[in-house]
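S.K.: Just structure.cif, nothing more (mmCIF, C-alpha atoms and all ligand atoms):
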```
data_coords
#
loop_
_atom_site.group_PDB
_atom_site.id
_atom_site.type_symbol
_atom_site.label_atom_id
_atom_site.label_comp_id
_atom_site.auth_asym_id
_atom_site.auth_seq_id
_atom_site.Cartn_x
_atom_site.Cartn_y
_atom_site.Cartn_z
ATOM 1 C CA MET A 1 14.539 138.078 -96.059
ATOM 2 C CA ASP A 2 14.628 140.782 -93.425
ATOM 3 C CA LYS A 3 12.324 143.811 -93.264
ATOM 4 C CA THR A 4 14.654 146.094 -95.295
ATOM 5 C CA GLN A 5 14.956 143.539 -98.081
ATOM 6 C CA ARG A 6 11.202 142.849 -98.142
ATOM 7 C CA GLU A 7 10.362 146.554 -98.227
ATOM 8 C CA ALA A 8 12.850 147.278 -101.029
ATOM 9 C CA GLY A 9 11.382 144.471 -103.162
ATOM 10 C CA ALA A 10 7.825 145.695 -102.576
ATOM 11 C CA ALA A 11 8.801 149.314 -103.335
ATOM 12 C CA ALA A 12 10.498 148.307 -106.618
ATOM 13 C CA ALA A 13 7.464 146.215 -107.594
ATOM 14 C CA SER A 14 4.970 149.032 -107.111
ATOM 15 C CA PHE A 15 7.289 151.608 -108.727
ATOM 16 C CA TYR A 16 7.720 149.551 -111.908
ATOM 17 C CA ASP A 17 4.117 148.350 -111.981
ATOM 18 C CA ALA A 18 2.998 151.988 -111.964
ATOM 19 C CA LEU A 19 5.513 153.021 -114.664
ATOM 20 C CA ARG A 20 4.295 150.172 -116.872
ATOM 21 C CA SER A 21 0.602 150.664 -116.268
ATOM 22 C CA GLY A 22 -0.030 152.897 -119.317
ATOM 23 C CA SER A 23 0.590 152.175 -122.957
ATOM 24 C CA LEU A 24 3.375 154.775 -123.290
ATOM 25 C CA SER A 25 6.891 153.562 -122.506
ATOM 26 C CA SER A 26 9.665 156.073 -121.787
ATOM 27 C CA ALA A 27 12.292 153.496 -122.803
ATOM 28 C CA ALA A 28 10.558 152.881 -126.145
ATOM 29 C CA LEU A 29 10.542 156.621 -126.680
ATOM 30 C CA GLY A 30 14.254 156.875 -125.910
ATOM 31 C CA TYR A 31 15.280 154.019 -128.222
ATOM 32 C CA GLY A 32 13.004 154.429 -131.231
ATOM 33 C CA GLY A 33 14.016 151.806 -133.814
ATOM 34 C CA ASP A 34 16.551 150.299 -131.392
ATOM 35 C CA PHE A 35 13.858 149.240 -128.934
ATOM 36 C CA VAL A 36 13.639 145.494 -128.309
ATOM 37 C CA GLY A 37 11.751 145.827 -125.028
ATOM 38 C CA GLN A 38 14.808 146.759 -122.949
ATOM 39 C CA GLU A 39 14.483 149.200 -120.057
ATOM 40 C CA CYS A 40 18.199 149.408 -119.345
ATOM 41 C CA THR A 41 20.498 152.056 -120.756
ATOM 42 C CA LEU A 42 22.066 149.928 -123.518
ATOM 43 C CA LEU A 43 21.305 149.502 -127.201
ATOM 44 C CA PRO A 44 20.588 145.915 -128.312
ATOM 45 C CA ARG A 45 24.053 145.461 -129.868
ATOM 46 C CA GLU A 46 25.688 146.684 -126.631
ATOM 47 C CA MET A 47 23.633 144.242 -124.552
ATOM 48 C CA LEU A 48 24.782 141.467 -126.889
ATOM 49 C CA ILE A 49 28.442 142.443 -126.632
ATOM 50 C CA PHE A 50 28.241 142.271 -122.841
ATOM 51 C CA ALA A 51 26.390 138.935 -122.863
ATOM 52 C CA ARG A 52 28.940 137.464 -125.298
ATOM 53 C CA ARG A 53 31.812 138.663 -123.144
ATOM 54 C CA ALA A 54 30.195 136.758 -120.265
ATOM 55 C CA GLY A 55 30.245 133.634 -122.453
ATOM 56 C CA VAL A 56 26.553 133.483 -123.361
ATOM 57 C CA GLY A 57 26.090 131.305 -126.472
ATOM 58 C CA THR A 58 24.133 128.332 -127.758
ATOM 59 C CA ARG A 59 23.116 125.975 -124.951
ATOM 60 C CA THR A 60 24.212 128.387 -122.199
ATOM 61 C CA SER A 61 21.749 128.531 -119.316
ATOM 62 C CA VAL A 62 21.241 132.108 -118.198
ATOM 63 C CA LEU A 63 19.516 133.628 -115.178
ATOM 64 C CA ASP A 64 18.407 137.217 -115.923
ATOM 65 C CA VAL A 65 17.901 139.007 -112.610
ATOM 66 C CA GLY A 66 15.321 141.787 -112.925
ATOM 67 C CA SER A 67 14.116 140.694 -116.356
ATOM 68 C CA GLY A 68 11.569 143.530 -116.665
ATOM 69 C CA THR A 69 9.146 143.025 -119.543
ATOM 70 C CA GLY A 70 11.370 140.300 -121.001
ATOM 71 C CA GLY A 71 13.027 142.291 -123.815
ATOM 72 C CA PRO A 72 16.665 141.349 -123.077
ATOM 73 C CA ALA A 73 15.852 137.690 -122.259
ATOM 74 C CA CYS A 74 13.966 137.145 -125.546
ATOM 75 C CA PHE A 75 16.580 139.048 -127.521
ATOM 76 C CA PHE A 76 19.433 136.899 -126.142
ATOM 77 C CA ALA A 77 17.553 133.659 -126.731
ATOM 78 C CA GLU A 78 16.791 134.680 -130.312
ATOM 79 C CA GLN A 79 20.257 136.042 -131.144
ATOM 80 C CA LEU A 80 22.484 133.707 -129.144
ATOM 81 C CA GLY A 81 20.439 130.526 -128.874
ATOM 82 C CA CYS A 82 20.669 130.329 -125.070
ATOM 83 C CA GLN A 83 18.096 129.221 -122.467
ATOM 84 C CA VAL A 84 16.966 132.011 -120.169
ATOM 85 C CA LEU A 85 15.106 132.146 -116.881
ATOM 86 C CA GLY A 86 14.091 135.706 -116.012
ATOM 87 C CA VAL A 87 13.097 136.674 -112.480
ATOM 88 C CA ASP A 88 11.284 139.905 -111.718
ATOM 89 C CA VAL A 89 9.306 141.248 -108.798
ATOM 90 C CA SER A 90 6.948 143.396 -110.931
ATOM 91 C CA ALA A 91 3.689 141.611 -111.756
ATOM 92 C CA VAL A 92 3.022 143.862 -114.770
ATOM 93 C CA GLY A 93 6.555 143.263 -116.077
ATOM 94 C CA HIS A 94 6.201 139.515 -115.562
ATOM 95 C CA GLU A 95 2.900 139.323 -117.427
ATOM 96 C CA ARG A 96 4.320 141.245 -120.409
ATOM 97 C CA ALA A 97 7.472 139.125 -120.405
ATOM 98 C CA VAL A 98 5.496 135.869 -120.562
ATOM 99 C CA ALA A 99 3.380 137.274 -123.406
ATOM 100 C CA ARG A 100 6.493 138.493 -125.284
ATOM 101 C CA ALA A 101 8.161 135.060 -125.173
ATOM 102 C CA LYS A 102 4.972 133.350 -126.307
ATOM 103 C CA GLU A 103 4.389 135.792 -129.145
ATOM 104 C CA ALA A 104 7.972 135.345 -130.374
ATOM 105 C CA GLY A 105 7.641 131.544 -130.201
ATOM 106 C CA LEU A 106 10.475 131.396 -127.677
ATOM 107 C CA ASP A 107 8.567 130.036 -124.697
ATOM 108 C CA ASP A 108 10.324 126.667 -124.936
ATOM 109 C CA ARG A 109 13.672 128.373 -124.191
ATOM 110 C CA VAL A 110 12.680 131.491 -122.258
ATOM 111 C CA GLN A 111 10.772 131.254 -118.995
ATOM 112 C CA PHE A 112 9.916 133.839 -116.392
ATOM 113 C CA ARG A 113 9.322 133.649 -112.681
ATOM 114 C CA LEU A 114 7.476 136.319 -110.694
ATOM 115 C CA GLY A 115 9.325 136.886 -107.440
ATOM 116 C CA ASP A 116 11.985 138.694 -105.481
ATOM 117 C CA ILE A 117 15.466 137.485 -106.354
ATOM 118 C CA GLN A 118 16.355 137.750 -102.681
ATOM 119 C CA ASP A 119 14.172 134.783 -101.770
ATOM 120 C CA VAL A 120 12.732 133.129 -104.886
ATOM 121 C CA ASP A 121 13.365 129.397 -104.838
ATOM 122 C CA LEU A 122 16.035 128.455 -107.420
ATOM 123 C CA PRO A 123 18.290 125.401 -107.655
ATOM 124 C CA PRO A 124 21.935 125.940 -106.607
ATOM 125 C CA ASP A 125 24.864 125.385 -109.025
ATOM 126 C CA SER A 126 22.561 125.447 -112.051
ATOM 127 C CA PHE A 127 23.315 128.465 -114.287
ATOM 128 C CA ASP A 128 26.283 129.125 -116.573
ATOM 129 C CA VAL A 129 25.703 132.873 -116.406
ATOM 130 C CA VAL A 130 23.829 135.173 -114.044
ATOM 131 C CA ILE A 131 23.266 138.447 -115.886
ATOM 132 C CA THR A 132 21.607 141.651 -114.771
ATOM 133 C CA TYR A 133 20.932 145.015 -116.387
ATOM 134 C CA ASP A 134 20.183 148.109 -114.268
ATOM 135 C CA THR A 135 18.445 146.199 -111.494
ATOM 136 C CA TRP A 136 20.747 145.615 -108.550
ATOM 137 C CA CYS A 137 20.662 149.314 -107.609
ATOM 138 C CA HIS A 138 17.147 148.561 -106.280
ATOM 139 C CA ILE A 139 18.318 145.796 -103.963
ATOM 140 C CA PRO A 140 19.881 146.436 -100.533
ATOM 141 C CA GLN A 141 22.578 144.277 -98.926
ATOM 142 C CA ARG A 142 24.521 143.853 -102.157
ATOM 143 C CA ALA A 143 27.069 141.487 -100.592
ATOM 144 C CA ALA A 144 24.296 139.062 -99.596
ATOM 145 C CA LEU A 145 22.791 139.307 -103.098
ATOM 146 C CA ILE A 146 26.154 138.574 -104.717
ATOM 147 C CA GLN A 147 26.640 135.550 -102.471
ATOM 148 C CA ARG A 148 23.170 134.279 -103.254
ATOM 149 C CA CYS A 149 23.691 134.618 -107.026
ATOM 150 C CA ALA A 150 27.163 133.069 -106.779
ATOM 151 C CA ALA A 151 25.557 130.011 -105.156
ATOM 152 C CA LEU A 152 23.203 129.686 -108.162
ATOM 153 C CA LEU A 153 26.126 129.575 -110.617
ATOM 154 C CA LYS A 154 27.713 126.337 -111.730
ATOM 155 C CA PRO A 155 31.408 126.052 -110.853
ATOM 156 C CA GLY A 156 33.273 128.097 -113.479
ATOM 157 C CA GLY A 157 30.099 130.135 -114.201
ATOM 158 C CA ARG A 158 30.111 133.905 -114.720
ATOM 159 C CA MET A 159 28.263 136.762 -113.070
ATOM 160 C CA ALA A 160 27.731 139.708 -115.436
ATOM 161 C CA ILE A 161 26.578 142.894 -113.737
ATOM 162 C CA PHE A 162 25.604 146.063 -115.560
ATOM 163 C CA ASP A 163 24.446 148.494 -112.914
ATOM 164 C CA HIS A 164 24.300 152.083 -111.711
ATOM 165 C CA VAL A 165 27.071 153.291 -109.412
ATOM 166 C CA GLU A 166 28.098 156.522 -107.736
ATOM 167 C CA ARG A 167 31.430 157.385 -109.375
ATOM 168 C CA ARG A 168 31.802 160.674 -107.496
ATOM 169 C CA PRO A 169 29.568 161.822 -104.636
ATOM 170 C CA LEU A 170 26.216 163.230 -105.715
ATOM 171 C CA PRO A 171 25.443 166.737 -104.398
ATOM 172 C CA ALA A 172 24.755 166.304 -100.662
ATOM 173 C CA GLU A 173 21.553 168.377 -100.704
ATOM 174 C CA ARG A 174 19.949 166.274 -103.479
ATOM 175 C CA ARG A 175 21.431 162.847 -102.770
ATOM 176 C CA GLU A 176 18.679 161.513 -100.499
ATOM 177 C CA HIS A 177 15.941 162.862 -102.755
ATOM 178 C CA PHE A 178 17.558 161.220 -105.786
ATOM 179 C CA PHE A 179 17.756 157.845 -104.034
ATOM 180 C CA THR A 180 14.147 158.155 -102.870
ATOM 181 C CA VAL A 181 12.637 158.970 -106.272
ATOM 182 C CA TRP A 182 14.459 156.074 -107.955
ATOM 183 C CA HIS A 183 13.916 153.617 -105.071
ATOM 184 C CA PHE A 184 17.657 153.023 -104.765
ATOM 185 C CA PRO A 185 18.327 151.745 -101.220
ATOM 186 C CA VAL A 186 22.044 152.237 -101.798
ATOM 187 C CA LEU A 187 24.436 152.816 -104.702
ATOM 188 C CA GLU A 188 27.768 151.076 -104.776
ATOM 189 C CA THR A 189 30.930 152.731 -106.020
ATOM 190 C CA PRO A 190 32.976 150.933 -108.701
ATOM 191 C CA ARG A 191 35.431 149.988 -105.986
ATOM 192 C CA SER A 192 32.921 148.728 -103.405
ATOM 193 C CA TYR A 193 31.278 146.589 -106.116
ATOM 194 C CA ALA A 194 34.602 145.032 -107.035
ATOM 195 C CA GLU A 195 35.399 144.399 -103.370
ATOM 196 C CA ALA A 196 32.023 142.718 -102.771
ATOM 197 C CA LEU A 197 32.553 140.408 -105.768
ATOM 198 C CA GLU A 198 36.042 139.485 -104.640
ATOM 199 C CA ALA A 199 34.859 138.954 -101.048
ATOM 200 C CA ALA A 200 32.348 136.406 -102.412
ATOM 201 C CA GLY A 201 35.272 134.448 -103.869
ATOM 202 C CA LEU A 202 34.707 135.541 -107.480
ATOM 203 C CA ARG A 203 37.496 136.543 -109.874
ATOM 204 C CA LEU A 204 36.892 139.788 -111.761
ATOM 205 C CA THR A 205 37.729 139.386 -115.436
ATOM 206 C CA VAL A 206 36.042 142.466 -116.922
ATOM 207 C CA ARG A 207 36.009 145.769 -115.114
ATOM 208 C CA ASP A 208 34.586 148.620 -117.233
ATOM 209 C CA VAL A 209 33.104 151.810 -115.821
ATOM 210 C CA SER A 210 31.367 154.526 -117.846
ATOM 211 C CA SER A 211 28.811 157.322 -117.651
ATOM 212 C CA ALA A 212 28.367 157.523 -121.428
ATOM 213 C CA TYR A 213 25.530 154.996 -121.880
ATOM 214 C CA ALA A 214 23.413 156.435 -119.105
ATOM 215 C CA ALA A 215 24.072 160.042 -120.203
ATOM 216 C CA ARG A 216 22.915 159.145 -123.730
ATOM 217 C CA PHE A 217 19.827 157.325 -122.416
ATOM 218 C CA TYR A 218 18.656 160.014 -119.991
ATOM 219 C CA THR A 219 19.303 162.797 -122.506
ATOM 220 C CA ARG A 220 17.061 161.062 -125.060
ATOM 221 C CA LEU A 221 14.439 160.385 -122.421
ATOM 222 C CA VAL A 222 14.325 163.982 -121.232
ATOM 223 C CA GLU A 223 13.921 165.145 -124.849
ATOM 224 C CA GLY A 224 11.151 162.633 -125.583
ATOM 225 C CA PHE A 225 9.393 163.131 -122.269
ATOM 226 C CA THR A 226 9.329 166.899 -122.827
ATOM 227 C CA ALA A 227 8.226 166.637 -126.461
ATOM 228 C CA GLN A 228 5.406 164.227 -125.558
ATOM 229 C CA ARG A 229 4.337 165.959 -122.376
ATOM 230 C CA GLU A 230 0.661 166.027 -123.330
ATOM 231 C CA GLU A 231 0.450 162.274 -123.930
ATOM 232 C CA PHE A 232 2.329 161.390 -120.729
ATOM 233 C CA GLU A 233 0.300 163.878 -118.682
ATOM 234 C CA ALA A 234 -2.965 162.481 -120.041
ATOM 235 C CA ILE A 235 -1.981 158.999 -118.840
ATOM 236 C CA ARG A 236 -0.085 159.751 -115.623
ATOM 237 C CA GLY A 237 -1.525 163.113 -114.533
ATOM 238 C CA THR A 238 0.461 166.330 -114.025
ATOM 239 C CA GLU A 239 1.947 165.470 -110.635
ATOM 240 C CA ARG A 240 3.378 162.138 -111.749
ATOM 241 C CA TYR A 241 4.578 163.637 -115.029
ATOM 242 C CA LEU A 242 6.534 166.336 -113.176
ATOM 243 C CA GLU A 243 7.967 163.771 -110.733
ATOM 244 C CA GLY A 244 9.144 161.700 -113.692
ATOM 245 C CA LEU A 245 10.674 164.710 -115.408
ATOM 246 C CA ASP A 246 12.534 165.699 -112.229
ATOM 247 C CA ARG A 247 13.886 162.129 -111.894
ATOM 248 C CA LEU A 248 15.070 162.053 -115.501
ATOM 249 C CA GLN A 249 16.582 165.545 -115.429
ATOM 250 C CA MET A 250 18.580 164.781 -112.270
ATOM 251 C CA SER A 251 19.803 161.541 -113.842
ATOM 252 C CA GLN A 252 20.811 163.377 -116.999
ATOM 253 C CA GLN A 253 22.660 166.015 -115.002
ATOM 254 C CA TYR A 254 24.539 163.510 -112.800
ATOM 255 C CA THR A 255 25.495 161.223 -115.678
ATOM 256 C CA THR A 256 26.650 163.985 -118.019
ATOM 257 C CA SER A 257 28.782 165.375 -115.177
ATOM 258 C CA GLY A 258 30.237 161.883 -114.564
ATOM 259 C CA ARG A 259 29.058 161.588 -110.935
ATOM 260 C CA LEU A 260 26.631 158.816 -111.750
ATOM 261 C CA GLY A 261 27.686 155.998 -114.040
ATOM 262 C CA GLN A 262 27.557 152.264 -114.528
ATOM 263 C CA VAL A 263 29.800 149.303 -114.029
ATOM 264 C CA ALA A 264 30.009 146.491 -116.560
ATOM 265 C CA TYR A 265 31.687 143.845 -114.433
ATOM 266 C CA ILE A 266 32.109 140.163 -115.180
ATOM 267 C CA ALA A 267 33.302 137.849 -112.428
ATOM 268 C CA GLU A 268 33.976 134.129 -112.507
ATOM 269 C CA LYS A 269 33.143 131.504 -109.902
ATOM 270 C CA PRO A 270 36.095 129.178 -109.279
ATOM 271 C CA ALA A 271 35.797 125.892 -111.143
ATOM 272 C CA GLY A 272 36.957 123.719 -108.286
HETATM 273 C C1 LIG B 1 15.333 149.297 -114.942
HETATM 274 S S1 LIG B 1 14.391 147.840 -114.919
HETATM 275 C C2 LIG B 1 15.401 146.843 -115.969
HETATM 276 C C3 LIG B 1 14.664 145.675 -116.547
HETATM 277 C C4 LIG B 1 15.463 144.796 -117.506
HETATM 278 N N1 LIG B 1 16.722 144.377 -116.935
HETATM 279 C C5 LIG B 1 15.708 145.480 -118.829
HETATM 280 O O1 LIG B 1 16.849 145.899 -119.074
HETATM 281 O O2 LIG B 1 14.763 145.607 -119.598
HETATM 282 C C6 LIG B 1 14.729 147.157 -113.300
HETATM 283 C C7 LIG B 1 13.926 145.890 -112.994
HETATM 284 O O3 LIG B 1 14.385 145.307 -111.765
HETATM 285 C C8 LIG B 1 13.282 144.696 -111.121
HETATM 286 N N2 LIG B 1 13.606 144.454 -109.703
HETATM 287 C C9 LIG B 1 13.906 145.375 -108.759
HETATM 288 N N3 LIG B 1 14.129 144.778 -107.568
HETATM 289 C C10 LIG B 1 13.986 143.445 -107.771
HETATM 290 C C11 LIG B 1 14.091 142.299 -106.922
HETATM 291 N N4 LIG B 1 14.388 142.425 -105.627
HETATM 292 N N5 LIG B 1 13.883 141.072 -107.449
HETATM 293 C C12 LIG B 1 13.574 140.947 -108.785
HETATM 294 N N6 LIG B 1 13.454 141.998 -109.627
HETATM 295 C C13 LIG B 1 13.662 143.233 -109.133
HETATM 296 C C14 LIG B 1 12.168 145.705 -111.359
HETATM 297 O O4 LIG B 1 10.890 145.182 -111.154
HETATM 298 C C15 LIG B 1 12.442 146.109 -112.809
HETATM 299 O O5 LIG B 1 11.725 145.305 -113.701
#
```
Please rewrite the model in this file as structure tokens.
M.R.:
Amino acid sequence: MDKTQREAGAAAASFYDALRSGSLSSAALGYGGDFVGQECTLLPREMLIFARRAGVGTRTSVLDVGSGTGGPACFFAEQLGCQVLGVDVSAVGHERAVARAKEAGLDDRVQFRLGDIQDVDLPPDSFDVVITYDTWCHIPQRAALIQRCAALLKPGGRMAIFDHVERRPLPAERREHFFTVWHFPVLETPRSYAEALEAAGLRLTVRDVSSAYAARFYTRLVEGFTAQREEFEAIRGTERYLEGLDRLQMSQQYTTSGRLGQVAYIAEKPAG
């Protein structure tokens, strides 16, 4: 790993550790009864649809990159019967993920590794599916990351990426600030993502782009965050509360205007 990669991993770890340090979860607030521990912008049934489209089923071995507090990994194992290894750089996320799997009695099929996906030691050619939800936006040098994950896939395996992208340029005067507050080293466009996957020798089979999921998510979060201001402020303090609100409001504005969105791409590694 070079200095940029190391710094991005460390920045993401401390950002998410801090967000997870209190008992209140913004994602839980946004999802209500649809919360299964996910911190991405999808409802459980939408996560399942994407995983199924990538071929996740009984006996599939899945690598979940940026597994957070383990919600998606445990949900897939329970619903689809697959084996999952989740990797995350946040120590708080990792600890909660391990506890979640144990509590659900899934720890024989769901394991977690604390580490940076850019250099954690994993066996090559060993996963049927590499899946990731709203994580790769935190990792620089996307082409290198794609190549690394492609090497971890078995021949014929699938890479399923659900991630933030810049669909139209963000306002120039706010762009850098937005990237800084979210710890996004860079955002791909739908096209540059597709090009990077193809350059790694993968064949794109699903190519969906939308702002709708993220607009829904950030709108709910802004509402909940505003309604529960007192509770969040008591835990995080006024300065951090206002920083969080600014981050969420910008995200809501850029997703509802269609500048910011997400790709749901699935790409296959050649079998031969
Ligand atoms: C928005 S959260 C999504 C978590 C999870 N995918 C979910 O949907 O619940 C992004 C996650 O990516 C992790 N992450 C960021 N950079 C990483 C890296 N270089 N290696 C491993 N995990 C990383 C963060 O720690 C965080 O848990």
S.K.: Can you work out which residues are within 9 Å of ligand LIG 1 (chain B), considering only C-alpha atoms and all ligand atoms, and then hand them over as a count of residues only?
M.R.: 57
S.K.: Between A:Glu223, A:Asp108, A:Asp2, A:Glu233, which one has atoms that come closest to Gln141 (chain A), using all atoms listed in the file?
M.R.: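 Ranked by minimum distance to Gln141 (chain A), first place goes to A:Asp2.
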S.K.: Could you state the separation of CA of Phe75 (chain A) and CA of Arg100 (chain A) in Å, given to one decimal place?
M.R.: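 Atom-to-atom, CA of Phe75 (chain A) and CA of Arg100 (chain A) are spaced 10.3 Å apart.
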S.K.: CA of Tyr265 (chain A) and CA of Phe127 (chain A), how far apart in Å?
M.R.: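 Computing it gives 17.5 Å between the two atoms.
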S.K.: Just to confirm, what's the straight-line distance from CA of Pro169 (chain A) to CA of Leu260 (chain A) in Å (one decimal)?
M.R.: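 So the answer is 8.3 Å.
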S.K.: Any chance you could work out the residue set of the PyMOL selection byres (((chain A and resi 152) around 9) and not hetatm) here, as a ChimeraX atom specification?
M.R.: /A:63,122-128,130,147-151,153-154
S.K.: Nearest to Gly261 (chain A): which of A:Pro190, A:Gly22, A:Gly237, A:Gly55 is it, counting all atoms listed in the file?
M.R.: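 Once distances to Gly261 (chain A) are computed over all atoms listed in the file, the minimum belongs to A:Pro190.
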S.K.: Please check which residues have atoms at most 12 Å from (25.9, 145.0, -129.6) in the file's coordinates, counting all atoms listed in the file, and write them as number ranges by chain.
M.R.: A: 34, 42-53, 72, 75-76, 79-80
S.K.: Emit the selected residues as a PDB file, in the frame of the given file, including C-alpha atoms.
M.R.:
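Listed below is the output, result-v3.pdb:
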```pdb
ATOM      1  CA  ASP A  34      16.551 150.299-131.392  1.00  0.00           C
ATOM      2  CA  LEU A  42      22.066 149.928-123.518  1.00  0.00           C
ATOM      3  CA  LEU A  43      21.305 149.502-127.201  1.00  0.00           C
ATOM      4  CA  PRO A  44      20.588 145.915-128.312  1.00  0.00           C
ATOM      5  CA  ARG A  45      24.053 145.461-129.868  1.00  0.00           C
ATOM      6  CA  GLU A  46      25.688 146.684-126.631  1.00  0.00           C
ATOM      7  CA  MET A  47      23.633 144.242-124.552  1.00  0.00           C
ATOM      8  CA  LEU A  48      24.782 141.467-126.889  1.00  0.00           C
ATOM      9  CA  ILE A  49      28.442 142.443-126.632  1.00  0.00           C
ATOM     10  CA  PHE A  50      28.241 142.271-122.841  1.00  0.00           C
ATOM     11  CA  ALA A  51      26.390 138.935-122.863  1.00  0.00           C
ATOM     12  CA  ARG A  52      28.940 137.464-125.298  1.00  0.00           C
ATOM     13  CA  ARG A  53      31.812 138.663-123.144  1.00  0.00           C
ATOM     14  CA  PRO A  72      16.665 141.349-123.077  1.00  0.00           C
ATOM     15  CA  PHE A  75      16.580 139.048-127.521  1.00  0.00           C
ATOM     16  CA  PHE A  76      19.433 136.899-126.142  1.00  0.00           C
ATOM     17  CA  GLN A  79      20.257 136.042-131.144  1.00  0.00           C
ATOM     18  CA  LEU A  80      22.484 133.707-129.144  1.00  0.00           C
TER      19      LEU A  80
END
```
